[in-house]
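First comes the structure, then the notes that go with it.
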Amino acid sequence: MSRLFRRCVLMLIALGIFLVLLAQGTPPSKPIRIKVVVIAMFERGEDTGDTPGEFQLWVERQHLDQIIPLPAGYHHVRLNKDGVMGILTGVGTAKAAATVMAVGLDARFDLSKAYWIVAGIGGGDPADVSLGSAVWAEHVLDGDLAYEIDARQIPENWPTGYVPLRKATPYEEPVRKELEGEVYTLNPELVGWAFRLTKDAPLPDSDSLRSSRARFAGFPNALKSPFVTRGDTLSSSTFWHGSRMNEWANTWTRYYTGDKGNYMISAMEDTGTMQALTFLSQAGRVDLQRALVLRTVSNYDREPPGTNVADSLKTMVAGNYSAFFPALEAAQTVGDKVVRDIVEHWAERESTIPR
C-alpha cells in the first residue's frame, strides 16, 4: 500500500468521524451539568402553542427554551437555564429505552447527579384512584415479559392466560429469584419524600369529571375528587382494558412484589425507561436511586359496572380519555413541585438524596 493511498484512507476515516460528531452535536469542552430530567412520552403536535400532550406544559412552564438535537433519540431535548432537561421518548417500551439510553450516553451532558422524573398519564384502577389523581410509583411492573395462551384456549381452572416466564401455570410459586426485568423497585425514601411534598397539591376537578366518576358506583376511591397517592404501575406496550385484565394486573403485581405491591395505574413505557436507567447506572453514568415515576389518571383501566368492555374501549380508541387534560395538568403540577424543590435546594440535593 503506497504512502499516498494510506494517507487518503486516514483522511477519509477522519472526515467520517468528524461528520458523525457534527451530526450528533460536538460535545462541549465541559459537559452541561443536569439537575433534573423530566421524561414525557408523547406530544400531539408541536412542543409549544397548540393542543398539549405530556411534553408541552413542561416546555412552556419550565421555560425549556434551549433546543439540543438528539439524532440517536426520538426527539430533540430541551433545557432551561436552571439545569432542567426535558425529553420526549416516544410511545412504547422500545422507544423509551432507546431514547433514555441515547440521552444517558451523550457526552454533552453530565447526568451523574441528575434526578429523573417520568411524568405521564395512564389508566387508573377505580378500586384505588379517581380520574385526575396522581400516583407516585413504588414499583414498576412489566406486563410484557410472560408466556401467553389465547383466551379461547385457557384451561377452565386457570384465572388468566398469562404465565410468568420459566413457569408452567399462572402465578406459579415460588417466584424466580433471578428476574429479567419483571419488576423494578424505586428508592422508597425518595418516593416517600416526593409523596409527602406533593400530597396536598390541589388537583383540577370539574362537573365533567364528577359525571364520569359517578359511573363507578361501588368504588369509593373512584368517586373521590382527584388526590395524590403512591402505589404501583404496570407497564405494557399492549394497551389492555377491562375488568378481567384489571384483575390480572392486580394479581400480577402482588405475585412479583411478594404481596407488598398494589397496582394502581397502567402505563406503556416505564419498564423501558427503568431498564435503560439500570444499565446507565451500572456504567456510572446516572444514579438509579434518583429516579421517580409519576403517573396521573386520564381514564379508568376497565369498563364501568354493568357496561360492555368492548364499548368502553371503543370510546378511548381516538384518545378520547375522560380526564385527558386534567391528567396532563396534574402530572405537570405535581411533578413541578418536586422539580422546583430540587433546583431551589440544589446545594443540598446534589450530594444528598431527599428522605
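A note on labels: chains of the C-alpha cells are A, B, ... as shown, every chain counts residues from 1, and ligands are counted from 1 in their shown order.
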Considering only strand (DSSP E or B) as DSSP defines it on the backbone, what residues of range 19-87 of chain A qualify? List them as a compact mmCIF listing (two decimals) with C-alpha atoms, in the first residue's frame.
```txt
# COMPACT_ATOMS: atom_id res chain seq x y z
CA ILE A 32 -23.59 20.54 30.81
CA ARG A 33 -24.47 19.62 34.38
CA VAL A 36 -33.37 17.16 36.75
CA VAL A 37 -34.50 15.22 33.69
CA VAL A 38 -38.27 15.30 33.08
CA ILE A 39 -39.39 12.40 30.89
CA ALA A 40 -42.57 12.70 28.83
CA GLN A 66 -32.87 25.76 24.59
CA ILE A 67 -33.18 23.03 21.93
CA ILE A 68 -30.39 20.48 21.56
CA VAL A 77 -34.09 17.55 24.08
CA ARG A 78 -34.81 20.88 25.73
CA LEU A 79 -33.04 22.71 28.57
CA VAL A 84 -33.66 21.16 33.98
CA MET A 85 -33.82 18.95 30.89
CA GLY A 86 -36.99 17.74 29.20
CA ILE A 87 -37.00 14.70 26.92
```
For the interface of range 139-167 of chain A with range 175-184 of chain A (cut-off 7 Å, counting only C-alpha atoms), please tabulate each contacting residue of range 139-167 of chain A alongside its nearest pair of atoms and their separation in Å to one decimal, rows sorted by chain and increasing number, as CSV.
```
residue,atom,partner,partner_atom,distance
A:His139,CA,A:Tyr184,CA,5.6
A:Val140,CA,A:Tyr184,CA,5.1
A:Leu141,CA,A:Val183,CA,4.5
A:Asp142,CA,A:Glu182,CA,4.8
A:Leu145,CA,A:Glu182,CA,6.5
```
Write the residues you've just listed into a file as a short mmCIF file (atom, residue, chain, number, x, y, z; two decimals), in the first residue's frame, and include N, CA, C and O atoms for each of them.
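Wrote part00.cif, looks like this:
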```
data_model
loop_
_atom_site.label_atom_id
_atom_site.label_comp_id
_atom_site.auth_asym_id
_atom_site.auth_seq_id
_atom_site.Cartn_x
_atom_site.Cartn_y
_atom_site.Cartn_z
N HIS A 139 -43.28 0.56 42.86
CA HIS A 139 -42.77 -0.50 41.99
C HIS A 139 -43.25 -0.24 40.57
O HIS A 139 -44.35 0.28 40.37
N VAL A 140 -42.42 -0.60 39.61
CA VAL A 140 -42.82 -0.59 38.20
C VAL A 140 -42.78 -2.03 37.72
O VAL A 140 -41.73 -2.67 37.72
N LEU A 141 -43.94 -2.56 37.34
CA LEU A 141 -44.07 -3.94 36.89
C LEU A 141 -44.11 -4.02 35.37
O LEU A 141 -44.59 -3.10 34.71
N ASP A 142 -43.62 -5.12 34.83
CA ASP A 142 -43.64 -5.35 33.39
C ASP A 142 -44.76 -6.33 33.04
O ASP A 142 -44.83 -7.43 33.60
N LEU A 145 -43.31 -9.29 29.68
CA LEU A 145 -42.42 -10.45 29.85
C LEU A 145 -43.21 -11.61 30.44
O LEU A 145 -43.38 -11.73 31.66
#
```
query = Residues at most 9 Å from Thr253 in chain A, counting only C-alpha atoms, excluding those fewer than 2 positions away in the same chain, as a ChimeraX atom specification?
reply = /A:139-142,183,232-234,248-251,255-263
request  = Find the spatial neighbours of Val103 in chain A, counting only C-alpha atoms, within a cut-off of 8 Å - ignore same-chain residues fewer than 3 positions away - and output them as a VMD selection string.
outcome  = chain A and resid 70 73 99 to 100 106 109
Limited to N, CA, C and O atoms, could you put the picked residues into a file as a short mmCIF file (atom, residue, chain, number, x, y, z; two decimals), in the first residue's frame?
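Everything below was put into out_27.cif:
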```cif
data_model
loop_
_atom_site.label_atom_id
_atom_site.label_comp_id
_atom_site.auth_asym_id
_atom_site.auth_seq_id
_atom_site.Cartn_x
_atom_site.Cartn_y
_atom_site.Cartn_z
N LEU A 70 -30.92 15.59 19.15
CA LEU A 70 -30.57 14.26 19.67
C LEU A 70 -30.83 13.24 18.55
O LEU A 70 -31.83 12.53 18.57
N GLY A 73 -31.96 9.70 19.35
CA GLY A 73 -33.18 9.53 20.13
C GLY A 73 -34.41 9.88 19.33
O GLY A 73 -34.35 10.24 18.15
N THR A 99 -34.39 6.00 23.74
CA THR A 99 -34.20 7.44 23.91
C THR A 99 -33.48 7.76 25.21
O THR A 99 -32.56 8.59 25.25
N VAL A 100 -33.89 7.13 26.30
CA VAL A 100 -33.23 7.37 27.59
C VAL A 100 -31.77 6.94 27.52
O VAL A 100 -30.88 7.62 28.04
N ASP A 106 -24.88 10.39 26.13
CA ASP A 106 -24.44 11.57 25.39
C ASP A 106 -23.37 12.33 26.20
O ASP A 106 -23.64 12.80 27.32
N PHE A 109 -23.64 15.86 28.18
CA PHE A 109 -24.36 16.07 29.43
C PHE A 109 -23.69 15.33 30.58
O PHE A 109 -23.29 14.17 30.45
#
```
query = Could you pull the residues within 12 Å of Asp336 in chain A, counting only C-alpha atoms, minus those fewer than 3 positions along the same chain, as a ChimeraX atom specification?
reply = /A:36-38,57-59,61-62,84,117-119,194,197-198,201,294,329-333,339-344
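For the set A:Ala97, A:Ala323, A:Leu111, A:Ala214, the residue with the smallest atom-to-atom gap to Pro304 in chain A is A:Ala214, counting only C-alpha atoms.
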